[in-house]
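Peer 1: Sharing model-v1.txt (compact mmCIF, C-alpha atoms and all ligand atoms) below.
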# COMPACT_ATOMS: atom_id res chain seq x y z
CA MET A 182 17.77 3.86 -14.92
CA LYS A 183 14.12 3.02 -14.39
CA THR A 184 13.51 -0.60 -13.36
CA ASN A 185 10.27 -2.32 -12.53
CA ILE A 186 10.15 -4.60 -9.53
CA LEU A 187 6.80 -6.05 -10.64
CA ASP A 188 5.18 -6.28 -14.05
CA ILE A 189 1.62 -7.52 -14.23
CA ASN A 190 0.29 -8.44 -17.61
CA GLU A 191 -3.40 -9.10 -18.43
CA LEU A 192 -3.97 -10.62 -15.00
CA ASP A 193 -7.30 -12.37 -14.49
CA PHE A 194 -8.71 -13.68 -11.25
CA ILE A 195 -12.04 -15.42 -10.79
CA TYR A 196 -13.22 -16.45 -7.29
CA PRO A 197 -14.70 -19.96 -6.87
CA ASP A 198 -18.22 -18.43 -6.75
CA GLY A 199 -17.66 -16.99 -10.24
CA THR A 200 -16.90 -13.36 -9.26
CA HIS A 201 -14.54 -12.01 -11.89
CA ALA A 202 -12.45 -9.77 -9.58
CA LEU A 203 -9.48 -8.96 -11.84
CA LYS A 204 -10.02 -8.47 -15.55
CA LYS A 205 -6.97 -8.36 -17.82
CA LEU A 206 -5.26 -6.06 -15.35
CA THR A 207 -2.00 -4.67 -16.69
CA VAL A 208 0.29 -2.48 -14.59
CA SER A 209 3.93 -2.12 -13.50
CA PHE A 210 5.43 -1.02 -10.20
CA GLU A 211 8.66 0.92 -10.50
CA GLU A 212 11.33 -0.08 -8.02
CA GLY A 213 11.90 2.27 -5.09
CA LYS A 214 8.69 4.28 -5.58
CA LYS A 215 5.80 5.15 -3.27
CA ILE A 216 2.77 3.93 -5.19
CA ALA A 217 -0.88 4.36 -4.22
CA ILE A 218 -3.68 2.15 -5.53
CA VAL A 219 -7.09 3.76 -5.32
CA GLY A 220 -10.57 2.89 -6.46
CA PRO A 221 -14.04 2.25 -5.09
CA ASN A 222 -15.08 -0.67 -2.85
CA GLY A 223 -14.96 -3.90 -4.80
CA ALA A 224 -12.52 -2.57 -7.44
CA GLY A 225 -10.19 -5.51 -6.80
CA LYS A 226 -7.36 -3.86 -4.80
CA SER A 227 -7.21 -6.49 -2.03
CA THR A 228 -7.61 -9.31 -4.54
CA LEU A 229 -4.64 -7.97 -6.53
CA PHE A 230 -2.49 -7.91 -3.38
CA LEU A 231 -3.50 -11.48 -2.53
CA VAL A 232 -2.54 -12.68 -6.01
CA LEU A 233 0.79 -10.84 -5.80
CA THR A 234 1.68 -12.59 -2.55
CA GLY A 235 0.72 -16.02 -3.86
CA THR A 236 -2.35 -16.49 -1.66
CA TYR A 237 -4.40 -16.85 -4.84
CA LYS A 238 -3.22 -18.25 -8.15
CA PRO A 239 -4.14 -16.14 -11.21
CA SER A 240 -6.87 -17.48 -13.49
CA GLY A 241 -4.93 -15.99 -16.42
CA GLY A 242 -2.19 -13.54 -17.32
CA LYS A 243 1.37 -13.12 -16.12
CA VAL A 244 3.27 -11.74 -13.14
CA TYR A 245 6.97 -10.90 -13.42
CA LEU A 246 9.09 -10.24 -10.34
CA ALA A 247 12.20 -8.29 -11.36
CA ASP A 248 11.72 -9.67 -14.91
CA LYS A 249 11.40 -13.27 -13.69
CA ASP A 250 8.26 -15.02 -14.92
CA ILE A 251 6.40 -16.26 -11.82
CA SER A 252 4.73 -19.59 -12.60
CA TYR A 253 2.97 -19.97 -9.20
CA SER A 254 4.75 -23.26 -8.60
CA ARG A 255 5.56 -23.89 -4.92
CA LYS A 256 9.10 -22.62 -5.47
CA ASP A 257 7.94 -19.45 -7.22
CA ILE A 258 5.36 -18.74 -4.53
CA MET A 259 8.15 -18.97 -1.93
CA GLU A 260 10.11 -16.50 -4.05
CA LEU A 261 7.14 -14.10 -4.11
CA ARG A 262 6.70 -14.34 -0.33
CA LYS A 263 10.40 -13.72 0.29
CA ASN A 264 10.35 -10.56 -1.76
CA ILE A 265 6.86 -9.20 -1.20
CA GLY A 266 5.42 -8.52 2.24
CA ILE A 267 1.77 -7.76 2.83
CA VAL A 268 -0.06 -5.98 5.63
CA PHE A 269 -3.67 -7.13 5.44
CA GLN A 270 -6.69 -4.84 5.57
CA ASP A 271 -7.75 -6.70 8.76
CA SER A 272 -4.89 -7.22 11.25
CA ASN A 273 -6.84 -10.00 12.97
CA SER A 274 -6.40 -12.23 9.94
CA GLN A 275 -2.63 -11.60 9.95
CA LEU A 276 -1.59 -12.11 13.59
CA PHE A 277 -1.76 -15.55 15.13
CA SER A 278 0.99 -15.90 17.78
CA ALA A 279 0.55 -15.62 21.54
CA ASN A 280 2.56 -12.46 22.12
CA VAL A 281 4.21 -9.66 20.17
CA TYR A 282 7.80 -10.97 20.28
CA GLN A 283 6.76 -14.46 19.17
CA GLU A 284 4.63 -12.98 16.42
CA ILE A 285 7.49 -10.97 14.92
CA SER A 286 10.01 -13.80 15.35
CA PHE A 287 7.91 -16.36 13.44
CA GLY A 288 8.92 -15.18 9.93
CA PRO A 289 12.68 -14.69 10.44
CA LEU A 290 12.96 -17.99 12.39
CA ASN A 291 11.84 -19.77 9.22
CA LEU A 292 14.47 -18.10 7.03
CA GLU A 293 17.52 -20.16 8.03
CA LEU A 294 19.26 -17.11 9.52
CA SER A 295 21.75 -17.08 12.39
CA LYS A 296 20.34 -16.53 15.90
CA ASP A 297 22.00 -13.13 16.08
CA GLU A 298 20.53 -12.06 12.75
CA VAL A 299 17.03 -13.13 13.80
CA LYS A 300 17.39 -11.12 17.03
CA ARG A 301 18.71 -8.09 15.15
CA ARG A 302 15.82 -8.15 12.70
CA ILE A 303 13.17 -8.47 15.41
CA GLU A 304 14.64 -5.66 17.49
CA ASP A 305 15.11 -3.43 14.48
CA ALA A 306 11.48 -3.99 13.40
CA MET A 307 10.16 -3.27 16.91
CA ILE A 308 12.19 -0.06 17.19
CA LYS A 309 11.09 1.20 13.75
CA THR A 310 7.41 0.55 14.47
CA GLY A 311 7.61 1.90 18.04
CA ILE A 312 6.41 -1.24 19.81
CA VAL A 313 9.39 -2.18 22.01
CA ASN A 314 7.21 -1.55 25.09
CA LEU A 315 4.66 -4.10 23.80
CA LYS A 316 7.23 -6.89 23.40
CA ASN A 317 5.66 -9.32 25.91
CA LYS A 318 2.05 -8.30 25.50
CA PRO A 319 -0.53 -10.89 24.37
CA ILE A 320 -1.75 -10.08 20.85
CA HIS A 321 -5.42 -10.26 21.85
CA PHE A 322 -4.99 -7.41 24.37
CA LEU A 323 -3.66 -4.98 21.74
CA SER A 324 -5.66 -2.05 20.36
CA GLY A 325 -6.35 -1.84 16.60
CA GLY A 326 -3.51 0.67 16.06
CA GLU A 327 -1.07 -1.44 18.06
CA LYS A 328 -2.02 -4.53 16.06
CA LYS A 329 -1.37 -2.61 12.85
CA ARG A 330 2.13 -1.69 14.07
CA VAL A 331 2.81 -5.34 14.96
CA ALA A 332 1.60 -6.45 11.50
CA ILE A 333 4.00 -3.94 9.92
CA ALA A 334 6.86 -5.10 12.20
CA ASP A 335 6.06 -8.67 11.11
CA ILE A 336 6.82 -7.93 7.48
CA LEU A 337 9.72 -5.54 8.17
CA ALA A 338 11.51 -8.37 9.99
CA MET A 339 11.32 -10.38 6.75
CA GLU A 340 13.13 -7.54 4.92
CA PRO A 341 11.10 -7.81 1.69
CA LYS A 342 11.84 -5.67 -1.38
CA VAL A 343 8.19 -4.65 -1.80
CA LEU A 344 5.62 -3.83 0.87
CA LEU A 345 1.95 -4.12 -0.02
CA LEU A 346 -0.13 -2.18 2.51
CA ASP A 347 -3.87 -2.72 2.28
CA GLU A 348 -5.64 0.30 3.79
CA PRO A 349 -3.05 0.58 6.58
CA THR A 350 -4.55 3.72 8.15
CA ALA A 351 -8.24 2.75 8.12
CA PHE A 352 -9.70 3.00 11.65
CA ILE A 353 -6.38 4.37 12.97
CA ASP A 354 -6.33 7.65 14.96
CA PRO A 355 -4.93 10.74 13.14
CA LYS A 356 -1.67 10.95 15.12
CA THR A 357 -0.83 7.25 14.67
CA SER A 358 -1.92 7.48 11.06
CA ASN A 359 0.58 10.31 10.41
CA GLU A 360 3.29 8.40 12.26
CA LEU A 361 2.63 5.35 10.06
CA MET A 362 2.86 7.46 6.89
CA ASP A 363 6.22 8.84 8.16
CA LEU A 364 7.34 5.27 8.84
CA PHE A 365 6.42 4.27 5.26
CA ASP A 366 8.54 7.20 4.02
CA GLU A 367 11.45 6.01 6.14
CA ILE A 368 11.13 2.43 4.85
CA ASN A 369 10.93 3.75 1.30
CA SER A 370 14.05 5.90 1.79
CA GLU A 371 15.91 2.64 2.55
CA GLY A 372 15.14 1.55 -1.02
CA LYS A 373 11.97 -0.48 -0.60
CA THR A 374 9.04 -0.16 -2.98
CA ILE A 375 5.78 0.64 -1.21
CA VAL A 376 2.38 -0.06 -2.72
CA LEU A 377 -0.44 1.24 -0.56
CA SER A 378 -4.17 0.99 -1.11
CA THR A 379 -6.40 3.55 0.59
CA HIS A 380 -9.61 5.57 0.32
CA ASP A 381 -7.89 8.65 1.81
CA MET A 382 -7.25 10.86 -1.22
CA ASP A 383 -5.70 13.67 0.89
CA LYS A 384 -2.96 11.27 1.98
CA VAL A 385 -2.46 9.88 -1.52
CA TYR A 386 -2.12 13.36 -3.00
CA THR A 387 0.68 14.50 -0.67
CA TRP A 388 2.41 11.14 -0.17
CA ALA A 389 2.47 9.16 -3.41
CA ASP A 390 5.01 9.36 -6.22
CA TYR A 391 2.60 7.57 -8.52
CA VAL A 392 -1.12 6.76 -8.43
CA ILE A 393 -2.92 3.79 -10.00
CA VAL A 394 -6.69 3.96 -10.32
CA MET A 395 -8.65 0.71 -10.37
CA LYS A 396 -12.29 0.11 -11.19
CA GLU A 397 -14.16 -3.14 -11.76
CA GLY A 398 -11.03 -5.26 -11.73
CA ALA A 399 -8.95 -3.21 -14.15
CA VAL A 400 -6.62 -0.20 -14.16
CA ILE A 401 -8.49 2.75 -15.67
CA ALA A 402 -5.81 5.43 -15.15
CA GLU A 403 -2.34 5.96 -13.74
CA GLY A 404 0.05 8.87 -13.34
CA VAL A 405 1.62 11.35 -10.94
CA PRO A 406 -0.78 12.78 -8.31
CA HIS A 407 -1.36 16.05 -10.22
CA ASP A 408 -2.39 14.15 -13.37
CA ILE A 409 -4.91 12.09 -11.45
CA PHE A 410 -6.39 14.65 -9.06
CA LEU A 411 -6.74 17.54 -11.52
CA ASN A 412 -8.74 15.32 -13.86
CA ASN A 413 -12.36 15.98 -12.86
CA ASP A 414 -13.82 13.47 -15.31
CA LEU A 415 -11.60 10.70 -13.96
CA LEU A 416 -12.44 11.56 -10.33
CA LYS A 417 -16.11 11.30 -11.20
CA GLU A 418 -15.74 8.07 -13.16
CA ALA A 419 -13.81 6.37 -10.32
CA ASP A 420 -15.88 7.92 -7.49
CA LEU A 421 -12.79 9.55 -5.99
CA GLU A 422 -12.82 12.61 -3.73
CA LYS A 423 -10.78 15.62 -4.75
CA PRO A 424 -8.04 16.33 -2.15
CA TRP A 425 -9.00 19.37 -0.02
CA ILE A 426 -5.73 21.18 -0.82
CA ILE A 427 -6.65 21.23 -4.52
CA GLU A 428 -10.20 22.38 -3.73
CA VAL A 429 -8.95 25.29 -1.62
CA TYR A 430 -6.36 26.18 -4.27
CA GLN A 431 -8.96 26.22 -7.04
CA GLU A 432 -11.20 28.50 -4.94
CA LEU A 433 -8.24 30.78 -4.22
CA ILE A 434 -7.18 31.30 -7.81
CA LYS A 435 -10.72 32.05 -8.99
CA ASP A 436 -10.81 35.75 -10.10
CA ARG A 437 -7.37 36.39 -8.60
CA ARG A 438 -5.20 36.82 -11.67
CA LYS A 439 -2.45 38.54 -9.69
CA LEU A 440 -1.84 35.62 -7.37
CA VAL A 441 1.70 34.35 -7.98
CA THR A 442 1.65 30.57 -7.82
CA LYS A 443 4.33 27.96 -8.38
CA GLY A 444 1.66 25.50 -9.50
CA VAL A 445 -0.86 23.52 -7.53
CA PRO A 446 0.35 23.09 -3.91
CA ARG A 447 1.12 19.50 -2.85
CA ASN A 448 0.88 20.02 0.90
CA LYS A 449 -0.34 22.40 3.63
CA LYS A 450 2.98 24.29 3.76
CA GLU A 451 2.84 25.16 0.04
CA LEU A 452 -0.81 26.18 0.37
CA PHE A 453 -0.12 28.45 3.37
CA GLU A 454 2.64 30.20 1.38
CA LEU A 455 -0.04 31.18 -1.13
CA LEU A 456 -2.50 32.31 1.53
CA VAL A 457 -0.03 34.96 2.70
CA GLN A 458 -0.63 36.80 -0.61
CA CYS A 459 -4.40 36.94 -0.12
N1 LIG A 501 -13.61 -14.65 -1.13
C1 LIG A 501 -14.35 -14.09 -2.07
N2 LIG A 501 -15.26 -14.82 -2.77
C2 LIG A 501 -16.00 -14.26 -3.75
N3 LIG A 501 -15.91 -12.98 -4.13
C3 LIG A 501 -15.02 -12.20 -3.48
C4 LIG A 501 -14.20 -12.71 -2.43
N4 LIG A 501 -13.42 -11.70 -1.95
C5 LIG A 501 -13.73 -10.62 -2.70
N5 LIG A 501 -14.68 -10.91 -3.62
C6 LIG A 501 -15.26 -10.01 -4.64
O1 LIG A 501 -14.20 -9.56 -5.49
C7 LIG A 501 -14.40 -8.21 -5.87
C8 LIG A 501 -13.17 -7.40 -5.50
O2 LIG A 501 -13.07 -7.34 -4.09
P1 LIG A 501 -11.81 -6.72 -3.34
O3 LIG A 501 -11.98 -7.06 -1.90
O4 LIG A 501 -10.58 -7.15 -4.03
O5 LIG A 501 -12.06 -5.16 -3.59
P2 LIG A 501 -11.32 -3.90 -2.95
O6 LIG A 501 -10.95 -2.99 -4.09
O7 LIG A 501 -10.22 -4.36 -2.06
O8 LIG A 501 -12.51 -3.22 -2.12
P3 LIG A 501 -12.49 -2.40 -0.72
O9 LIG A 501 -12.12 -0.99 -1.07
O10 LIG A 501 -13.90 -2.51 -0.26
O11 LIG A 501 -11.51 -3.06 0.21
C9 LIG A 501 -15.68 -7.76 -5.18
O12 LIG A 501 -16.72 -7.86 -6.11
C10 LIG A 501 -15.87 -8.77 -4.07
O13 LIG A 501 -17.23 -8.97 -3.78
MG MG A 502 -9.89 -4.16 -0.03
Translate this structure into structure tokens?
Peer 2:
Amino acid sequence: MKTNILDINELDFIYPDGTHALKKLTVSFEEGKKIAIVGPNGAGKSTLFLVLTGTYKPSGGKVYLADKDISYSRKDIMELRKNIGIVFQDSNSQLFSANVYQEISFGPLNLELSKDEVKRRIEDAMIKTGIVNLKNKPIHFLSGGEKKRVAIADILAMEPKVLLLDEPTAFIDPKTSNELMDLFDEINSEGKTIVLSTHDMDKVYTWADYVIVMKEGAVIAEGVPHDIFLNNDLLKEADLEKPWIIEVYQELIKDRRKLVTKGVPRNKKELFELLVQC
């Protein structure tokens, strides 16, 4: 049965300077899915994540976590933070401890867990994110990609139900970026819901189960990747790039009525299978 881990209803958020960043935003995140949030700069993606983790209190509207009405009282904010982990757009604003081990231990140490459980969680998070070798390294010596891995390990050690990842592969080299996407798949296969914001439409197209398009503080479209990326009017309206696989496919099928296709390819492998016929 389909269950939503988060339901957001007519959410409003106004910054102290009067910027109306979220405008009656209504959307739901289905449990266990890989969800991408896309939209131009300033659409409100980061603001939404910050409201969902209790950093900001909504100016209006409702947030439900697994059907529970979140009132943004201290207790409810704790509940949000326990269940929803966030990796910030800028790792420097997330990491504050002296070294990697201390950084990852900070969260679990505050959860009233046994010593053994804390140790297990930290080690598990370091192994998953591939940073065991960085264990004793000072945070300020780490490269951008290494910091990103530590920030992800930080939230994995908290074992949240939902991971909000704000542009996790921006400024990350292509190999690391692919490794991170594989890691997100692995985390998702363990039952966690992943909500990722990015400007990389190629990644969204092949990775996401579901895509949410934001513009000017509201959701203007949502659907499976094919619904979003084959809709030229929507791509134009939201200033989104068409994934290159779709562009190549559309070129290929032009004037080639005999080409046998199983639909629009989702990844390179499916596209290459088509190329063999040409
Ligand atoms: N601290 C702040 N004070 C005032 N306005 C802000 C603040 N942070 C963000 N905004 C404004 O809120 C709106 C939404 O910004 P937000 O950072 O959520 O967009 P975004 O979709 O994450 O964009 P990007 O793709 O550039 O990361 C923008 O108009 C921005 O200028
Ligand atoms: Mg942002």
Peer 1: Give me, as a ChimeraX atom specification, all polymer residues having an atom no more than 10 Å from A:Leu229, counting all atoms listed in the file and skipping those fewer than 6 positions away in the same chain.
Peer 2: /A:189,192-194,202-203,206,237,239,398-399
Peer 1: Taking only C-alpha atoms and all ligand atoms into account, which residues are within 9 Å of ligand MG 502 (chain A), as a ChimeraX atom specification?
Peer 2: /A:222-228,230,269-270,347-348,378-379
Peer 1: For A:Gln458, please output as a list in words all residues within 10 Å (counting all atoms listed in the file; exclusion window: fewer than 5 positions along the same chain).
Peer 2: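 Final neighbour list, sorted by chain and number: Lys439, Leu440, Val441, Thr442 and Phe453 of chain A.
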Peer 1: Of the candidates A:Arg437, A:His380, A:Lys443, A:Arg302, which shows the shortest atom-to-atom distance to A:Lys423, using all atoms listed in the file?
Peer 2: A:His380
Peer 1: Do you know which residues are at most 10 Å from A:Ser254 counting all atoms listed in the file, after dropping those on the same chain fewer than 4 positions away, and could you put them as a PDB file with C-alpha atoms, keeping the file's coordinate frame?
Peer 2:
ATOM      1  CA  GLY A 235       0.720 -16.020  -3.860  1.00  0.00           C
ATOM      2  CA  LYS A 238      -3.220 -18.250  -8.150  1.00  0.00           C
ATOM      3  CA  ILE A 258       5.360 -18.740  -4.530  1.00  0.00           C
ATOM      4  CA  MET A 259       8.150 -18.970  -1.930  1.00  0.00           C
ATOM      5  CA  GLU A 260      10.110 -16.500  -4.050  1.00  0.00           C
TER       6      GLU A 260
END
Peer 1: Let me make sure I understand: among A:Asp198, A:Glu451, A:Glu371, A:Glu191, which one has the smallest atom-to-atom distance to ligand LIG 501 (chain A) if we use all atoms listed in the file?
Peer 2: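 Among the listed residues, the smallest separation from ligand LIG 501 (chain A) belongs to A:Asp198.
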Peer 1: For atom CA of A:Pro341 and atom CA of A:Ile195, quote the distance in Å rounded to one decimal.
Peer 2: 27.4 Å
Peer 1: List as a PDB file with C-alpha atoms, keeping the file's coordinate frame: which residues have an atom within 6 Å of (5.1, -10.0, 23.0), counting all atoms listed in the file?
Peer 2:
ATOM      1  CA  ASN A 280       2.560 -12.460  22.120  1.00  0.00           C
ATOM      2  CA  VAL A 281       4.210  -9.660  20.170  1.00  0.00           C
ATOM      3  CA  TYR A 282       7.800 -10.970  20.280  1.00  0.00           C
ATOM      4  CA  LEU A 315       4.660  -4.100  23.800  1.00  0.00           C
ATOM      5  CA  LYS A 316       7.230  -6.890  23.400  1.00  0.00           C
ATOM      6  CA  ASN A 317       5.660  -9.320  25.910  1.00  0.00           C
ATOM      7  CA  LYS A 318       2.050  -8.300  25.500  1.00  0.00           C
ATOM      8  CA  PRO A 319      -0.530 -10.890  24.370  1.00  0.00           C
TER       9      PRO A 319
END
Peer 1: Taking only C-alpha atoms and all ligand atoms into account, name the residue in A:Val299, A:Leu187, A:Val232, A:Met182 that is nearest to ligand LIG 501 (chain A).
Peer 2: A:Val232
Peer 1: For a cut-off of 12 Å around (0.4, -11.1, 19.5), file coordinates, pick out all residues using all atoms listed in the file and list them as number ranges by chain.
Peer 2: A: 272-287, 312, 315-325, 327-332, 334-335
Peer 1: Limited to C-alpha atoms, could you put the picked residues into a file as an mmCIF file, in the frame of the given file?
Peer 2:
data_model
loop_
_atom_site.group_PDB
_atom_site.id
_atom_site.type_symbol
_atom_site.label_atom_id
_atom_site.label_comp_id
_atom_site.auth_asym_id
_atom_site.auth_seq_id
_atom_site.Cartn_x
_atom_site.Cartn_y
_atom_site.Cartn_z
ATOM 1 C CA SER A 272 -4.890 -7.220 11.250
ATOM 2 C CA ASN A 273 -6.840 -10.000 12.970
ATOM 3 C CA SER A 274 -6.400 -12.230 9.940
ATOM 4 C CA GLN A 275 -2.630 -11.600 9.950
ATOM 5 C CA LEU A 276 -1.590 -12.110 13.590
ATOM 6 C CA PHE A 277 -1.760 -15.550 15.130
ATOM 7 C CA SER A 278 0.990 -15.900 17.780
ATOM 8 C CA ALA A 279 0.550 -15.620 21.540
ATOM 9 C CA ASN A 280 2.560 -12.460 22.120
ATOM 10 C CA VAL A 281 4.210 -9.660 20.170
ATOM 11 C CA TYR A 282 7.800 -10.970 20.280
ATOM 12 C CA GLN A 283 6.760 -14.460 19.170
ATOM 13 C CA GLU A 284 4.630 -12.980 16.420
ATOM 14 C CA ILE A 285 7.490 -10.970 14.920
ATOM 15 C CA SER A 286 10.010 -13.800 15.350
ATOM 16 C CA PHE A 287 7.910 -16.360 13.440
ATOM 17 C CA ILE A 312 6.410 -1.240 19.810
ATOM 18 C CA LEU A 315 4.660 -4.100 23.800
ATOM 19 C CA LYS A 316 7.230 -6.890 23.400
ATOM 20 C CA ASN A 317 5.660 -9.320 25.910
ATOM 21 C CA LYS A 318 2.050 -8.300 25.500
ATOM 22 C CA PRO A 319 -0.530 -10.890 24.370
ATOM 23 C CA ILE A 320 -1.750 -10.080 20.850
ATOM 24 C CA HIS A 321 -5.420 -10.260 21.850
ATOM 25 C CA PHE A 322 -4.990 -7.410 24.370
ATOM 26 C CA LEU A 323 -3.660 -4.980 21.740
ATOM 27 C CA SER A 324 -5.660 -2.050 20.360
ATOM 28 C CA GLY A 325 -6.350 -1.840 16.600
ATOM 29 C CA GLU A 327 -1.070 -1.440 18.060
ATOM 30 C CA LYS A 328 -2.020 -4.530 16.060
ATOM 31 C CA LYS A 329 -1.370 -2.610 12.850
ATOM 32 C CA ARG A 330 2.130 -1.690 14.070
ATOM 33 C CA VAL A 331 2.810 -5.340 14.960
ATOM 34 C CA ALA A 332 1.600 -6.450 11.500
ATOM 35 C CA ALA A 334 6.860 -5.100 12.200
ATOM 36 C CA ASP A 335 6.060 -8.670 11.110
#
Peer 1: Out of A:His201, A:Arg301, A:Lys183, A:Lys435, which residue has the shortest atom-to-atom distance to ligand LIG 501 (chain A) when counting all atoms listed in the file?
Peer 2: A:His201
Peer 1: Can you work out the spacing between atom CA of A:Leu261 and atom CA of A:Ser295 in Å, to one decimal?
Peer 2: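 Distance between the two atoms: 22.2 Å.
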Peer 1: In Å, rounded to a single decimal, give me how far atom O3 of ligand LIG 501 (chain A) is from atom CA of A:Ile265.
Peer 2: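 It comes out at 19.0 Å.
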Peer 1: From the options A:His407, A:Lys342, A:Lys396, A:Lys215, which residue's atoms come nearest to ligand LIG 501 (chain A), counting all atoms listed in the file?
Peer 2: A:Lys396
Peer 1: Give me, as a PyMOL selection string, all polymer residues having an atom no more than 6 Å from A:Asn190, counting only C-alpha atoms and skipping those fewer than 2 positions away in the same chain.
Peer 2: chain A and resi 192+207+242-243
Peer 1: Which of these residues is nearest to A:Asp408, using only C-alpha atoms: A:Asp390, A:Asp420, A:Asp381, A:Glu212?
Peer 2: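 Answer, going by the shortest atom-to-atom distance: A:Asp390.
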Peer 1: Skipping near chain neighbours, those fewer than 4 positions away, what residues fall within 10 Å of A:Val313 using all atoms listed in the file, listed as a PyMOL selection string?
Peer 2: chain A and resi 281-282+303-309+317
